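Q: Data file structure-v6.txt (compact mmCIF, C-alpha atoms) is appended below.
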```txt
# COMPACT_ATOMS: atom_id res chain seq x y z
CA MET A 136 0.00 0.00 0.00
CA ALA A 137 1.27 3.39 -0.96
CA VAL A 138 0.56 6.27 1.36
CA LYS A 139 0.33 9.72 -0.09
CA LYS A 140 1.93 12.45 1.91
CA VAL A 141 -0.09 15.58 1.87
CA ALA A 142 1.94 18.75 2.09
CA LYS A 143 0.51 21.07 4.65
CA ARG A 144 0.88 24.72 4.02
CA VAL A 145 1.70 26.67 7.07
CA VAL A 146 0.21 30.09 7.06
CA ARG A 147 2.78 32.40 8.48
CA GLN A 148 2.04 35.77 9.81
CA ALA A 149 4.37 38.58 8.99
CA VAL A 150 7.09 38.54 11.57
CA ALA A 151 7.66 41.91 13.15
CA ARG A 152 11.35 42.70 13.18
CA LYS A 153 12.93 44.16 16.24
CA VAL A 154 13.92 47.61 15.08
CA ASN A 155 14.99 50.51 17.19
CA ARG A 156 13.02 53.38 15.75
CA GLU A 157 13.67 55.79 18.62
CA GLY A 158 15.98 57.95 16.55
CA GLN A 159 13.47 58.17 13.72
CA ARG A 160 10.68 59.69 15.79
CA TRP A 161 10.73 63.46 15.62
CA THR A 162 9.02 64.40 18.85
CA ASP A 163 10.33 67.23 20.97
CA ASP A 164 11.14 65.15 24.04
CA ARG A 165 13.36 62.52 22.38
CA PRO A 166 17.10 63.18 22.55
CA GLY A 167 18.13 60.54 20.01
CA MET A 168 18.50 60.53 16.25
CA THR A 169 19.71 58.06 13.65
CA LEU A 170 22.92 58.98 11.84
CA ARG A 171 24.65 57.36 8.85
CA LEU A 172 28.16 58.56 8.07
CA PRO A 173 30.43 58.10 5.05
CA LEU A 174 33.24 55.60 5.67
CA ASP A 175 36.11 58.11 5.68
CA LEU A 176 34.30 60.41 8.11
CA ARG A 177 33.48 57.48 10.39
CA GLU A 178 37.17 56.52 10.48
CA ALA A 179 38.17 60.10 11.38
CA ILE A 180 35.65 60.13 14.23
CA THR A 181 36.84 56.73 15.44
CA GLU A 182 40.38 58.11 15.72
CA GLU A 183 39.17 60.80 18.12
CA SER A 184 36.55 58.87 20.09
CA ARG A 185 37.67 56.42 22.72
CA VAL A 186 34.56 55.69 24.79
CA LYS A 187 30.89 55.08 24.08
CA GLY A 188 29.14 58.44 23.87
CA ASP A 189 32.08 60.31 22.37
CA LEU A 190 30.39 60.45 18.94
CA ALA A 191 27.56 62.58 20.33
CA LYS A 192 30.04 64.87 22.08
CA ILE A 193 32.06 65.26 18.87
CA VAL A 194 28.91 66.14 16.90
CA LEU A 195 27.86 68.73 19.50
CA TYR A 196 31.39 70.17 19.61
CA ALA A 197 31.50 70.40 15.82
CA LEU A 198 28.11 72.11 15.72
CA SER A 199 29.31 74.73 18.18
CA HIS A 200 32.58 75.39 16.30
CA VAL A 201 31.32 75.58 12.71
CA GLU A 202 29.39 78.56 11.34
CA TYR A 203 26.20 77.61 9.50
CA ASP A 204 26.91 79.88 6.54
CA GLU A 205 30.39 78.35 6.03
CA VAL A 206 29.06 74.81 5.62
CA GLU A 207 28.54 73.56 2.09
CA ILE A 208 25.66 71.08 2.29
CA GLN A 209 26.40 67.84 0.46
CA GLN A 210 23.79 65.25 -0.41
CA THR A 211 24.51 61.83 1.04
CA ARG A 212 22.13 59.29 -0.42
CA LYS A 213 21.40 60.98 -3.75
CA ALA A 214 25.11 61.51 -4.39
CA GLY A 215 25.72 57.77 -4.08
CA MET A 216 27.97 58.00 -1.03
CA GLU A 217 28.68 54.71 0.65
CA LEU A 218 27.35 55.08 4.19
CA THR A 219 27.93 53.08 7.35
CA LYS A 220 25.26 51.29 9.32
CA PRO A 221 22.75 53.52 11.11
CA GLN A 222 23.84 54.61 14.58
CA LEU A 223 21.65 55.93 17.35
CA LEU A 224 23.03 59.22 18.55
CA HIS A 225 21.82 61.01 21.70
CA ILE A 226 22.55 64.71 21.25
CA GLY A 227 19.64 66.18 23.15
CA SER A 228 16.27 67.43 22.04
CA GLU A 229 17.34 71.08 21.70
CA ALA A 230 20.21 70.31 19.31
CA ARG A 231 18.02 67.88 17.40
CA THR A 232 15.30 70.49 16.96
CA GLN A 233 17.83 73.05 15.68
CA LEU A 234 19.22 70.50 13.21
CA LYS A 235 15.75 69.68 11.95
CA GLU A 236 14.90 73.36 11.46
CA TRP A 237 18.17 73.91 9.58
CA ALA A 238 17.51 70.86 7.40
CA GLU A 239 13.98 72.03 6.59
CA ALA A 240 15.27 75.49 5.70
CA GLU A 241 17.88 74.00 3.34
CA GLY A 242 15.54 71.34 1.97
CA VAL A 243 17.84 68.43 2.81
CA SER A 244 17.91 65.63 5.35
CA VAL A 245 19.22 66.01 8.89
CA ASN A 246 21.81 63.36 8.09
CA ALA A 247 23.14 65.49 5.21
CA ILE A 248 23.44 68.48 7.56
CA VAL A 249 25.36 66.51 10.20
CA VAL A 250 27.65 64.89 7.60
CA SER A 251 28.40 68.30 6.06
CA VAL A 252 29.13 69.89 9.45
CA LEU A 253 31.39 67.02 10.50
CA ASP A 254 33.21 67.08 7.16
CA GLU A 255 33.92 70.82 7.52
CA PHE A 256 34.93 70.37 11.16
CA PHE A 257 37.39 67.55 10.42
CA LYS A 258 38.97 69.58 7.61
CA ARG A 259 39.70 72.26 10.22
CA LEU A 260 40.78 69.67 12.78
CA LYS A 261 43.46 68.28 10.44
CA LYS A 262 44.92 71.76 9.97
CA SER A 263 44.82 72.94 13.58
CA SER A 264 46.61 71.09 16.35
CA ALA A 265 45.18 73.56 18.89
CA LEU A 266 41.62 72.62 17.87
CA ARG A 267 42.50 68.92 18.09
CA LYS A 268 43.94 69.40 21.57
CA GLU A 269 40.88 71.40 22.66
CA LEU A 270 38.54 68.66 21.37
CA ARG A 271 40.43 65.94 23.22
CA GLN A 272 40.35 67.97 26.44
CA GLU A 273 36.62 68.51 26.02
CA LEU A 274 36.04 64.78 25.52
CA ARG A 275 38.11 63.90 28.60
CA LEU A 276 36.32 66.52 30.67
CA HIS A 277 32.87 65.07 29.96
CA ARG A 278 33.79 61.40 30.35
CA GLY A 279 33.86 61.43 34.11
CA PHE A 280 35.58 58.76 36.14
CA LEU A 281 36.41 55.58 34.24
CA GLN A 282 36.88 52.39 36.17
CA SER A 283 39.90 50.32 35.24
```
Can I see the file as structure tokens?

A:
Amino acid sequence: MAVKKVAKRVVRQAVARKVNREGQRWTDDRPGMTLRLPLDLREAITEESRVKGDLAKIVLYALSHVEYDEVEIQQTRKAGMELTKPQLLHIGSEARTQLKEWAEAEGVSVNAIVVSVLDEFFKRLKKSSALRKELRQELRLHRGFLQS
């Protein structure tokens, strides 16, 4: 006797992926944002940052040391730049709101604004050893006590 095997179709529901969308919500009380950097810029930041949280401090420091009118806004995604994985960055709701307003005024994404500011800042950082020293002191100042 031959027994027929009947294939049972399993109806699968769409599996919800675990995704951290905190940085993508633009409410006033959220301090985080999602940032994608070009590879060369990410390497330059990695050279300066030593501890978790330094990326946010570098972005805030760069924003305070670069004039808005001196920054040439460069498109990131439309220009075909190769970007790193998205990173959640906690810069504070006030800085995030200012970045969003600037991006809306320019008609570009917040990521393009941050990439352009960081690019301009690191051009200056390469030329000025005093600025590099000041940045490193600022990072050490805000780290607090590190356990060894």

Q: List as a count of residues only the protein and nucleic acid residues near A:Ala230, meaning an atom at most 12 Å away when only C-alpha atoms are counted, but skip any in the same chain fewer than 2 places from it.

A: 27

Q: Could you work out how far atom CA of A:Leu172 lies from atom CA of A:Leu218, giving the answer in Å with one decimal?

A: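 Going from atom CA of A:Leu218 over to atom CA of A:Leu172, I get 5.3 Å.
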
Q: Please report the interatomic distance between atom CA of A:Arg271 and atom CA of A:Arg259 in Å with one decimal.

A: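 We find that atom CA of A:Arg271 and atom CA of A:Arg259 lie 14.5 Å from each other.
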
Q: Please report the interatomic distance between atom CA of A:Lys262 and atom CA of A:Leu170 in Å with one decimal.

A: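 The value is 25.5 Å.
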
Q: May I ask which of the residues A:Leu190, A:Ile180, A:Ile208, A:Leu270 is the closest one to A:Val243, counting all atoms listed in the file?

A: A:Ile208

Q: Tell me which protein, DNA and RNA residues are within 8 Å of A:Val201, counting all atoms listed in the file, leaving out same-chain ones fewer than 5 positions away, and put them as an MDAnalysis selection string.

A: chainID A and resid 206 252 255:256

Q: Restricting the calculation to only C-alpha atoms, which member of A:Gln272, A:Gln210, A:Ser264, A:Thr219 is positioned closest to A:Ser251?

A: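 Among A:Gln272, A:Gln210, A:Ser264, A:Thr219, it is A:Gln210 that comes nearest to A:Ser251.
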
Q: Which is closest to A:Gly188 among A:Leu176, A:Lys261, A:Ala247, A:Gln222, if we use all atoms listed in the file?

A: A:Gln222

Q: Return as JSON the centre and edge lengths, in Å with one decimal, of the box along x, y and z that encloses every atom of stretch 251-254 of chain A in the file, padded by 5 Å per side.

A:
```
{"center_x": 30.8, "center_y": 68.5, "center_z": 8.3, "size_x": 14.8, "size_y": 12.9, "size_z": 14.4}
```

Q: Which is closest to A:Asp204 among A:Lys268, A:Asn246, A:Glu241, A:Leu260, if we use all atoms listed in the file?

A: A:Glu241

Q: Which of these, A:Ala240, A:Ile248, A:Leu223, A:Ile193, has the shortest distance to A:Glu273 once you count only C-alpha atoms?

A: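 Using only C-alpha atoms, the shortest distance to A:Glu273 belongs to A:Ile193.
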